[in-house]
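Colleague: Have a peek at protein.cif (mmCIF, C-alpha atoms and all ligand atoms).
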```cif
data_coords
loop_
_atom_site.label_atom_id
_atom_site.label_comp_id
_atom_site.auth_asym_id
_atom_site.auth_seq_id
_atom_site.Cartn_x
_atom_site.Cartn_y
_atom_site.Cartn_z
CA MET A 1 113.93 73.43 145.31
CA SER A 2 115.84 70.17 145.61
CA VAL A 3 118.41 69.45 148.29
CA TYR A 4 121.07 69.38 145.57
CA ARG A 5 121.02 73.03 144.57
CA SER A 6 124.24 74.89 145.33
CA SER A 7 123.90 77.23 148.28
CA ARG A 8 125.28 79.97 146.00
CA PHE A 9 121.96 79.90 144.17
CA SER A 10 119.58 78.99 146.98
CA ARG A 11 118.01 82.43 146.96
CA LEU A 12 117.71 83.01 143.22
CA GLU A 13 114.76 85.10 142.11
CA PRO A 14 114.66 84.43 138.39
CA TYR A 15 113.39 86.91 135.83
CA VAL A 16 109.72 86.40 135.00
CA PRO A 17 109.17 86.90 131.26
CA GLY A 18 105.90 88.32 129.93
CA GLU A 19 103.24 85.70 129.29
CA GLN A 20 103.50 83.65 126.11
CA PRO A 21 100.20 81.78 126.34
CA ARG A 22 99.47 78.97 123.89
CA GLU A 23 95.94 78.01 124.95
CA ARG A 24 94.19 80.62 122.83
CA LYS A 25 95.02 83.29 120.31
CA TYR A 26 95.50 86.73 121.84
CA ILE A 27 96.27 90.11 120.35
CA LYS A 28 99.75 90.22 121.86
CA LEU A 29 100.69 93.67 123.04
CA ASN A 30 102.66 92.46 126.06
CA THR A 31 106.25 91.62 125.07
CA ASN A 32 107.18 94.31 122.54
CA GLU A 33 107.54 91.99 119.56
CA SER A 34 107.25 93.36 116.04
CA PRO A 35 103.81 92.95 114.46
CA TYR A 36 105.52 92.55 111.08
CA PRO A 37 106.93 89.23 109.78
CA PRO A 38 110.59 88.66 108.91
CA SER A 39 111.40 89.63 105.32
CA PRO A 40 111.23 86.89 102.62
CA ALA A 41 115.03 86.92 102.30
CA VAL A 42 115.32 85.99 105.99
CA LEU A 43 112.92 83.07 105.64
CA GLN A 44 114.85 81.81 102.62
CA ALA A 45 118.20 82.14 104.41
CA VAL A 46 116.88 80.17 107.39
CA ARG A 47 115.60 77.42 105.10
CA ARG A 48 118.96 77.18 103.37
CA ALA A 49 120.89 77.14 106.66
CA SER A 50 118.64 74.37 108.00
CA GLU A 51 119.96 72.01 105.30
CA THR A 52 123.36 71.79 107.01
CA LEU A 53 122.23 71.53 110.61
CA ASN A 54 124.39 68.42 111.00
CA LEU A 55 127.41 70.73 111.07
CA TYR A 56 128.43 73.12 113.82
CA CYS A 57 127.89 76.78 113.16
CA ASP A 58 130.76 79.30 112.95
CA PRO A 59 131.64 80.02 116.60
CA THR A 60 133.09 83.41 115.58
CA ALA A 61 129.98 84.30 113.51
CA LEU A 62 132.34 86.09 111.12
CA ARG A 63 129.92 86.78 108.26
CA LEU A 64 127.30 88.01 110.70
CA ARG A 65 129.82 90.35 112.33
CA GLN A 66 130.85 91.65 108.92
CA ALA A 67 127.24 92.32 107.93
CA ALA A 68 126.56 94.06 111.25
CA ALA A 69 129.79 96.06 111.01
CA LYS A 70 128.69 97.45 107.65
CA VAL A 71 125.29 98.55 108.97
CA TYR A 72 126.59 100.03 112.23
CA GLY A 73 129.70 101.71 110.81
CA VAL A 74 132.22 99.92 113.03
CA GLU A 75 134.83 97.17 112.55
CA PRO A 76 133.84 93.46 112.81
CA GLU A 77 136.22 93.24 115.84
CA SER A 78 133.90 95.67 117.62
CA ILE A 79 130.90 93.33 117.47
CA LEU A 80 129.92 90.26 119.47
CA PRO A 81 126.75 88.45 118.31
CA VAL A 82 124.80 86.83 121.15
CA ASN A 83 121.81 84.62 121.85
CA GLY A 84 119.45 87.53 122.50
CA SER A 85 120.73 90.67 124.17
CA ASP A 86 119.92 89.23 127.60
CA GLU A 87 123.01 87.10 127.01
CA ILE A 88 125.32 90.06 126.43
CA LEU A 89 123.99 91.71 129.59
CA ASN A 90 124.90 88.54 131.50
CA PHE A 91 128.36 88.47 129.91
CA ALA A 92 128.84 92.15 130.78
CA VAL A 93 128.02 91.60 134.44
CA MET A 94 130.41 88.62 134.53
CA ALA A 95 133.18 90.51 132.73
CA PHE A 96 132.95 93.95 134.33
CA CYS A 97 131.32 93.66 137.77
CA ASP A 98 132.28 91.95 141.01
CA GLY A 99 132.21 92.41 144.79
CA ARG A 100 134.03 95.74 144.44
CA ILE A 101 132.38 97.00 141.29
CA PRO A 102 128.59 97.32 141.74
CA ILE A 103 126.01 98.15 139.10
CA ALA A 104 124.30 101.54 139.04
CA CYS A 105 121.01 101.66 137.16
CA PRO A 106 117.68 103.47 137.32
CA GLU A 107 115.30 102.22 140.01
CA ILE A 108 112.63 101.65 137.39
CA THR A 109 114.14 99.90 134.38
CA TYR A 110 114.47 96.54 132.63
CA GLY A 111 113.85 93.85 135.25
CA PHE A 112 116.74 91.70 134.11
CA TYR A 113 119.43 93.98 135.58
CA PRO A 114 118.61 93.26 139.24
CA VAL A 115 118.27 89.55 138.45
CA LEU A 116 121.76 89.44 136.92
CA ALA A 117 123.25 91.41 139.80
CA ALA A 118 121.81 88.92 142.30
CA LEU A 119 122.88 85.93 140.19
CA HIS A 120 126.50 87.08 140.26
CA GLY A 121 126.53 88.45 143.79
CA VAL A 122 127.04 92.01 142.57
CA ARG A 123 125.65 94.94 144.53
CA LEU A 124 123.04 97.06 142.79
CA ARG A 125 122.74 100.81 143.28
CA GLN A 126 119.23 101.68 142.19
CA VAL A 127 119.04 105.37 141.36
CA PRO A 128 115.57 106.91 141.90
CA LEU A 129 113.92 108.46 138.87
CA ARG A 130 113.05 112.15 138.74
CA ALA A 131 109.61 113.70 138.20
CA GLY A 132 107.64 112.11 135.38
CA PHE A 133 109.77 108.94 135.50
CA THR A 134 112.70 110.74 133.90
CA VAL A 135 116.30 109.55 134.13
CA ASP A 136 118.54 112.52 135.00
CA HIS A 137 121.94 111.88 133.41
CA ARG A 138 123.65 113.91 136.16
CA ASP A 139 122.73 111.14 138.60
CA TYR A 140 125.07 108.79 136.72
CA LEU A 141 128.30 110.81 136.54
CA CYS A 142 131.50 109.56 138.27
CA GLN A 143 129.88 106.46 139.81
CA ASN A 144 132.71 103.98 140.52
CA CYS A 145 130.14 101.44 139.32
CA THR A 146 129.29 99.72 136.08
CA VAL A 147 126.54 102.03 134.85
CA MET A 148 123.68 100.27 133.08
CA ILE A 149 121.04 102.32 131.33
CA ALA A 150 118.37 101.30 128.85
CA ASN A 151 117.98 104.07 126.28
CA PRO A 152 115.09 104.52 125.72
CA ASN A 153 114.30 103.27 129.20
CA ALA A 154 111.83 100.46 129.84
CA PRO A 155 108.97 100.44 130.67
CA THR A 156 108.69 104.23 130.38
CA GLY A 157 109.94 104.73 126.80
CA LEU A 158 111.76 107.93 127.81
CA ALA A 159 115.13 108.59 126.16
CA LEU A 160 118.29 110.48 127.03
CA THR A 161 119.99 112.58 124.36
CA LEU A 162 123.33 111.64 122.84
CA PRO A 163 125.25 114.49 124.57
CA GLN A 164 123.82 113.29 127.92
CA ILE A 165 124.96 109.72 127.22
CA GLU A 166 128.40 110.99 126.20
CA GLU A 167 128.75 112.92 129.47
CA ILE A 168 127.98 109.74 131.42
CA VAL A 169 130.53 107.74 129.43
CA ARG A 170 133.22 110.42 129.68
CA SER A 171 132.82 110.92 133.43
CA ASN A 172 133.00 107.17 134.17
CA GLY A 173 136.32 106.52 132.44
CA LYS A 174 137.44 104.02 135.10
CA ASN A 175 134.39 101.82 134.58
CA VAL A 176 132.26 100.37 131.85
CA VAL A 177 129.03 102.05 130.83
CA VAL A 178 126.42 99.76 129.25
CA ILE A 179 123.81 101.45 127.09
CA ASP A 180 121.03 98.99 126.29
CA GLU A 181 119.59 100.11 122.95
CA ALA A 182 116.86 97.46 122.67
CA TYR A 183 114.39 100.14 121.49
CA VAL A 184 116.64 102.76 119.91
CA ASP A 185 115.45 102.13 116.33
CA PHE A 186 111.97 103.40 117.21
CA GLY A 187 113.07 106.97 117.69
CA ALA A 188 116.03 107.62 120.02
CA GLU A 189 119.64 108.57 119.24
CA SER A 190 122.15 105.72 119.12
CA ALA A 191 125.47 105.83 120.97
CA VAL A 192 127.12 103.28 118.65
CA ALA A 193 129.42 105.88 117.05
CA LEU A 194 130.75 106.78 120.52
CA THR A 195 132.22 103.27 120.86
CA LYS A 196 134.99 104.44 118.48
CA LYS A 197 135.83 107.33 120.78
CA TYR A 198 135.47 105.73 124.25
CA ASP A 199 136.94 102.35 125.17
CA ASN A 200 134.63 101.99 128.21
CA LEU A 201 131.30 102.07 126.34
CA LEU A 202 129.32 98.92 125.56
CA VAL A 203 126.21 99.37 123.44
CA THR A 204 123.81 96.41 123.32
CA ARG A 205 121.28 95.76 120.59
CA THR A 206 118.58 93.17 120.07
CA PHE A 207 116.85 91.97 116.91
CA SER A 208 113.85 90.86 119.00
CA LYS A 209 111.96 94.13 118.71
CA SER A 210 113.03 96.13 115.65
CA HIS A 211 114.01 93.22 113.39
CA SER A 212 111.14 90.73 113.84
CA LEU A 213 113.42 87.98 115.23
CA ALA A 214 112.33 87.55 118.86
CA GLY A 215 111.99 83.80 118.39
CA ALA A 216 115.39 83.44 116.71
CA ARG A 217 117.23 84.98 119.69
CA LEU A 218 119.77 87.44 118.32
CA GLY A 219 121.49 90.41 119.88
CA PHE A 220 124.81 92.23 119.61
CA GLY A 221 127.35 93.87 121.82
CA ILE A 222 129.12 96.79 120.13
CA ALA A 223 132.23 98.24 121.78
CA ASP A 224 135.94 98.88 121.55
CA PRO A 225 137.72 95.63 120.52
CA GLY A 226 139.24 95.43 124.02
CA LEU A 227 135.83 95.16 125.70
CA ILE A 228 134.62 92.79 122.97
CA ALA A 229 137.62 90.51 123.64
CA ASP A 230 136.68 90.41 127.36
CA LEU A 231 133.09 89.53 126.52
CA ALA A 232 134.14 86.94 123.92
CA ALA A 233 136.35 85.28 126.55
CA ILE A 234 133.27 84.82 128.75
CA LYS A 235 131.24 83.63 125.75
CA ASP A 236 133.89 81.06 124.81
CA SER A 237 134.03 79.87 128.44
CA THR A 238 130.30 79.29 128.64
CA ASN A 239 128.81 78.62 125.19
CA PRO A 240 131.16 79.00 122.20
CA TYR A 241 128.37 78.24 119.69
CA ASN A 242 125.97 80.68 121.29
CA VAL A 243 124.31 81.86 118.05
CA ASN A 244 122.98 78.92 116.05
CA ALA A 245 123.41 78.47 112.29
CA MET A 246 119.84 79.43 111.37
CA THR A 247 119.95 82.54 113.50
CA GLN A 248 123.32 83.60 112.06
CA ALA A 249 121.82 83.22 108.57
CA ALA A 250 118.67 85.09 109.60
CA GLY A 251 120.75 87.91 111.05
CA ILE A 252 122.88 88.32 107.94
CA ALA A 253 119.80 88.42 105.70
CA ALA A 254 118.04 90.86 108.05
CA LEU A 255 121.06 93.18 108.06
CA GLU A 256 121.24 93.04 104.25
CA ASP A 257 117.54 93.96 104.27
CA ASN A 258 117.90 96.63 106.95
CA GLY A 259 115.81 99.13 105.00
CA TYR A 260 112.72 96.89 105.31
CA TYR A 261 113.11 96.81 109.10
CA MET A 262 113.77 100.53 109.45
CA GLU A 263 110.61 101.16 107.42
CA ASN A 264 108.70 98.89 109.84
CA CYS A 265 110.09 100.91 112.75
CA ARG A 266 108.83 104.11 111.09
CA LYS A 267 105.40 102.49 110.71
CA VAL A 268 105.41 101.56 114.40
CA ALA A 269 106.37 105.13 115.33
CA ALA A 270 103.49 106.48 113.22
CA THR A 271 101.06 104.02 114.85
CA ARG A 272 102.42 105.05 118.24
CA ALA A 273 101.60 108.69 117.47
CA TRP A 274 97.96 108.19 116.56
CA ALA A 275 97.29 105.50 119.17
CA SER A 276 98.68 107.86 121.84
CA GLU A 277 96.32 110.60 120.63
CA GLU A 278 93.33 108.25 120.78
CA LEU A 279 94.22 107.08 124.29
CA ARG A 280 94.77 110.65 125.50
CA ALA A 281 91.35 111.53 124.14
CA LEU A 282 89.94 108.71 126.30
CA GLY A 283 91.55 110.23 129.39
CA PHE A 284 94.83 108.31 129.58
CA GLU A 285 98.09 109.85 130.73
CA LEU A 286 101.10 108.64 128.75
CA THR A 287 104.81 109.18 128.87
CA ASP A 288 106.45 110.58 125.73
CA SER A 289 107.62 107.22 124.42
CA SER A 290 110.46 106.88 121.89
CA SER A 291 110.03 103.11 121.81
CA ASN A 292 107.60 100.52 120.43
CA PHE A 293 105.41 100.59 123.53
CA LEU A 294 103.17 102.99 125.40
CA PHE A 295 103.28 103.47 129.14
CA ALA A 296 99.80 104.53 130.16
CA ARG A 297 97.53 105.07 133.12
CA HIS A 298 93.89 106.02 133.36
CA PRO A 299 92.63 107.89 136.44
CA ALA A 300 89.40 105.83 136.49
CA ILE A 301 90.85 102.31 136.40
CA PRO A 302 93.85 100.71 138.15
CA GLY A 303 96.52 99.25 135.86
CA GLU A 304 95.94 95.71 137.01
CA GLU A 305 92.20 95.85 136.47
CA LEU A 306 92.61 97.22 132.97
CA TYR A 307 95.13 94.48 132.23
CA GLU A 308 92.66 91.81 133.42
CA LYS A 309 89.66 93.23 131.54
CA LEU A 310 91.69 93.45 128.35
CA ARG A 311 92.86 89.88 128.86
CA GLU A 312 89.23 88.69 129.13
CA ARG A 313 88.69 90.36 125.77
CA GLY A 314 91.64 88.56 124.17
CA ILE A 315 94.15 91.41 124.39
CA LEU A 316 97.37 91.02 126.36
CA VAL A 317 99.26 94.01 127.76
CA ARG A 318 101.93 94.06 130.46
CA HIS A 319 101.27 95.10 134.03
CA PHE A 320 104.07 95.38 136.59
CA SER A 321 103.31 94.91 140.27
CA THR A 322 106.08 97.33 141.35
CA PRO A 323 104.07 99.78 143.52
CA SER A 324 105.43 103.01 141.98
CA ILE A 325 104.20 101.98 138.52
CA GLY A 326 101.24 99.83 139.56
CA ASP A 327 98.76 102.33 138.08
CA TYR A 328 100.30 101.87 134.66
CA ASP A 329 100.22 99.33 131.87
CA ARG A 330 102.83 98.88 129.19
CA ILE A 331 101.19 98.43 125.82
CA THR A 332 103.21 97.27 122.83
CA VAL A 333 102.53 99.26 119.67
CA GLY A 334 101.17 96.60 117.34
CA ALA A 335 99.79 96.75 113.82
CA PRO A 336 97.17 99.47 113.18
CA GLU A 337 94.29 96.95 113.30
CA GLU A 338 95.54 95.58 116.63
CA MET A 339 95.66 99.08 118.08
CA ARG A 340 92.14 99.77 116.79
CA ALA A 341 90.99 96.60 118.58
CA LEU A 342 92.75 97.76 121.75
CA ILE A 343 91.15 101.19 121.64
CA GLY A 344 87.73 99.66 120.98
CA ALA A 345 88.12 97.34 123.95
CA VAL A 346 89.30 100.17 126.21
CA ARG A 347 86.32 102.29 125.19
CA GLU A 348 84.00 99.40 126.12
CA ILE A 349 85.74 98.84 129.48
CA LEU A 350 85.56 102.52 130.42
CA ALA A 351 81.87 102.79 129.47
C1 LIG B 401 113.60 92.99 125.31
C2 LIG B 401 114.75 93.64 126.00
C3 LIG B 401 116.01 93.05 126.05
C4 LIG B 401 116.29 91.64 125.65
O1 LIG B 401 116.00 91.27 124.44
P1 LIG B 401 116.40 89.83 123.88
O2 LIG B 401 115.11 89.27 123.40
O3 LIG B 401 117.04 89.02 124.95
O4 LIG B 401 117.35 90.15 122.79
C5 LIG B 401 117.06 93.76 126.61
N1 LIG B 401 116.87 94.97 127.14
C6 LIG B 401 115.67 95.56 127.14
C7 LIG B 401 115.53 96.90 127.74
C8 LIG B 401 114.57 94.91 126.59
O5 LIG B 401 113.37 95.47 126.63
#
```
Mind converting the file's structure to structure tokens?
Ligand SMILES: *Cc1c(COP(=O)(O)O)cnc(C)c1O
Modeller:
Amino acid sequence: MSVYRSSRFSRLEPYVPGEQPRERKYIKLNTNESPYPPSPAVLQAVRRASETLNLYCDPTALRLRQAAAKVYGVEPESILPVNGSDEILNFAVMAFCDGRIPIACPEITYGFYPVLAALHGVRLRQVPLRAGFTVDHRDYLCQNCTVMIANPNAPTGLALTLPQIEEIVRSNGKNVVVIDEAYVDFGAESAVALTKKYDNLLVTRTFSKSHSLAGARLGFGIADPGLIADLAAIKDSTNPYNVNAMTQAAGIAALEDNGYYMENCRKVAATRAWASEELRALGFELTDSSSNFLFARHPAIPGEELYEKLRERGILVRHFSTPSIGDYDRITVGAPEEMRALIGAVREILA
């Protein structure tokens, strides 16, 4: 750290993303990307948009909001496109939390929430999970906090039901409830429709996992127009052109091709089912994941050791050093041939 850093940020502990190594080619099952490429229409749209990169992009991303509104069944005023959904989470903490309004979230969840709380000097109430890593929705009623829940949760893949989410939203009418739906397309129920009924619900989406656009950086906030106006005010005070021209074009084309991506999500869910069976047969314990990753432990090998042995064999998975989940690895559900390679490698390691 230099002597110039503001004392406000002297103790920052930044988020550590999963590895993105460039030195050799790995089978990447560590950051929950899609194994399937963007659709041809997306590639063509990006190429066309690149021809006018001398011009600024639309800071209101109007056409992108219209395309998203059509797919999600809400008005364009209810949507804010962002530079990856990490950005909308940051905006939400800035807009809805402060010294008097803490964040309540599960103790085991997406690692970005505590980072954002610390960045903005917001207190964090970490709610312990119940048996089997479950989130009990009754722990999040009437909180006097901004409630932040990933549904399905990460890295466990476990989902709440829509009535449970609605009870949380209804009981926290004085505060905002953020439901992070990064993985919802892989098999959980979406709360997007509830944004028309409750003006305190913010649903966040990302195109990094379900829509093969991790490198393009695109996410959305979906909420009552009042909340969206608050978030847009933060956006326009930090980075008015937050979603670049090529990504706006990619997003529009992806939304117009939504069927292709939903089919990919179904394929991932089918791969998840058989890969889970294979791993269970090898002695693994797994949570009942509704997402595009598995959360697995084997009684005969610690999570970190399995991670390292897979890495030596050219396969990357994610291991978290948090003690309560140290026995586990999070394994992205890749293409069928990638999962066959994983299972082969695991068999070898266990032998
Ligand atoms: C991956 C992820 C995000 C962020 O995705 P972006 O790539 O920033 O759009 C947000 N929340 C959860 C739970 C995630 O796993």
Colleague: For each of A:Thr206, A:Asn151, A:Thr161, A:Asn54, take the minimum atom-to-atom distance to Ser291 of chain A, counting only C-alpha atoms, then give the residue where this is smallest.
Modeller: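 Of A:Thr206, A:Asn151, A:Thr161, A:Asn54, the one nearest Ser291 of chain A, counting only C-alpha atoms, is A:Asn151.
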Colleague: To check your reading of the model: which residues sit at most 8 Å from ligand LIG 401 (chain B) when counting all atoms listed in the file? Write the answer as an mmCIF file with C-alpha atoms, in the coordinates of the input.
Modeller:
```cif
data_model
loop_
_atom_site.group_PDB
_atom_site.id
_atom_site.type_symbol
_atom_site.label_atom_id
_atom_site.label_comp_id
_atom_site.auth_asym_id
_atom_site.auth_seq_id
_atom_site.Cartn_x
_atom_site.Cartn_y
_atom_site.Cartn_z
ATOM 1 C CA THR A 31 106.250 91.620 125.070
ATOM 2 C CA ASN A 32 107.180 94.310 122.540
ATOM 3 C CA ASN A 83 121.810 84.620 121.850
ATOM 4 C CA GLY A 84 119.450 87.530 122.500
ATOM 5 C CA SER A 85 120.730 90.670 124.170
ATOM 6 C CA ASP A 86 119.920 89.230 127.600
ATOM 7 C CA GLU A 87 123.010 87.100 127.010
ATOM 8 C CA LEU A 89 123.990 91.710 129.590
ATOM 9 C CA THR A 109 114.140 99.900 134.380
ATOM 10 C CA TYR A 110 114.470 96.540 132.630
ATOM 11 C CA PHE A 112 116.740 91.700 134.110
ATOM 12 C CA ALA A 150 118.370 101.300 128.850
ATOM 13 C CA ASN A 151 117.980 104.070 126.280
ATOM 14 C CA PRO A 152 115.090 104.520 125.720
ATOM 15 C CA ASN A 153 114.300 103.270 129.200
ATOM 16 C CA ALA A 154 111.830 100.460 129.840
ATOM 17 C CA PRO A 155 108.970 100.440 130.670
ATOM 18 C CA ASP A 180 121.030 98.990 126.290
ATOM 19 C CA GLU A 181 119.590 100.110 122.950
ATOM 20 C CA ALA A 182 116.860 97.460 122.670
ATOM 21 C CA TYR A 183 114.390 100.140 121.490
ATOM 22 C CA THR A 204 123.810 96.410 123.320
ATOM 23 C CA ARG A 205 121.280 95.760 120.590
ATOM 24 C CA THR A 206 118.580 93.170 120.070
ATOM 25 C CA PHE A 207 116.850 91.970 116.910
ATOM 26 C CA SER A 208 113.850 90.860 119.000
ATOM 27 C CA LYS A 209 111.960 94.130 118.710
ATOM 28 C CA ALA A 214 112.330 87.550 118.860
ATOM 29 C CA ARG A 217 117.230 84.980 119.690
ATOM 30 C CA LEU A 218 119.770 87.440 118.320
ATOM 31 C CA GLY A 219 121.490 90.410 119.880
#
```
Colleague: Using all atoms listed in the file, can you tell me which of A:Thr287, A:Asn175, A:Asn90, A:Asn258 comes closest to Ala41 of chain A?
Modeller: A:Asn258
Colleague: Taking (112.3, 83.5, 107.4) in the file's own coordinates, collect the residues within 12 Å, counting only C-alpha atoms, and hand them back as a ChimeraX atom specification.
Modeller: /A:36-50,211-213,215-216,246-254
Colleague: Give the padded box for segment 218-230 of chain A as AutoDock Vina command-line options: axis-aligned, covering all atoms listed in the file, 6 Å on each side, centre and edge lengths in Å to one decimal.
Modeller:
```
--center_x 129.5 --center_y 93.2 --center_z 122.8 --size_x 31.5 --size_y 23.4 --size_z 21.0
```
Colleague: What is the atom CA of Glu285 of chain A to atom CA of Arg311 of chain A distance in Å?
Modeller: 20.7 Å
Colleague: For segment 23-130 of chain A against segment 135-140 of chain A, with a cut-off of 10 Å and counting only C-alpha atoms, what is the closest atom pair and its distance in Å to one decimal for every residue that makes the cut, ordered by chain and number, as JSON lines?
Modeller:
```
{"residue": "A:Ala104", "atom": "CA", "partner": "A:Tyr140", "partner_atom": "CA", "distance": 7.7}
{"residue": "A:Cys105", "atom": "CA", "partner": "A:Tyr140", "partner_atom": "CA", "distance": 8.2}
{"residue": "A:Pro106", "atom": "CA", "partner": "A:Val135", "partner_atom": "CA", "distance": 7.0}
{"residue": "A:Glu107", "atom": "CA", "partner": "A:Val135", "partner_atom": "CA", "distance": 9.5}
{"residue": "A:Ile108", "atom": "CA", "partner": "A:Val135", "partner_atom": "CA", "distance": 9.3}
{"residue": "A:Thr109", "atom": "CA", "partner": "A:Val135", "partner_atom": "CA", "distance": 9.9}
{"residue": "A:Val127", "atom": "CA", "partner": "A:Asp139", "partner_atom": "CA", "distance": 7.4}
{"residue": "A:Pro128", "atom": "CA", "partner": "A:Val135", "partner_atom": "CA", "distance": 8.2}
{"residue": "A:Leu129", "atom": "CA", "partner": "A:Val135", "partner_atom": "CA", "distance": 5.4}
{"residue": "A:Arg130", "atom": "CA", "partner": "A:Val135", "partner_atom": "CA", "distance": 6.2}
```
Colleague: Could you tell me which of A:Gly326, A:Gly221, A:Pro59, A:Gly157 comes closest to Pro302 of chain A if we count all atoms listed in the file?
Modeller: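 Smallest distance to Pro302 of chain A is found for A:Gly326.
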Colleague: Any idea what's packed within 12 Å of Pro14 of chain A, counting only C-alpha atoms, ignoring anything in its chain fewer than 5 positions away? Could you give it as a VMD selection string?
Modeller: chain A and resid 9 111 to 119
Colleague: Could those residues be written to a file, using C-alpha atoms, as an mmCIF file, in the coordinates of the input?
Modeller:
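To be explicit, this is the file written out as result-v2.cif:
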```cif
data_model
loop_
_atom_site.group_PDB
_atom_site.id
_atom_site.type_symbol
_atom_site.label_atom_id
_atom_site.label_comp_id
_atom_site.auth_asym_id
_atom_site.auth_seq_id
_atom_site.Cartn_x
_atom_site.Cartn_y
_atom_site.Cartn_z
ATOM 1 C CA PHE A 9 121.960 79.900 144.170
ATOM 2 C CA GLY A 111 113.850 93.850 135.250
ATOM 3 C CA PHE A 112 116.740 91.700 134.110
ATOM 4 C CA TYR A 113 119.430 93.980 135.580
ATOM 5 C CA PRO A 114 118.610 93.260 139.240
ATOM 6 C CA VAL A 115 118.270 89.550 138.450
ATOM 7 C CA LEU A 116 121.760 89.440 136.920
ATOM 8 C CA ALA A 117 123.250 91.410 139.800
ATOM 9 C CA ALA A 118 121.810 88.920 142.300
ATOM 10 C CA LEU A 119 122.880 85.930 140.190
#
```
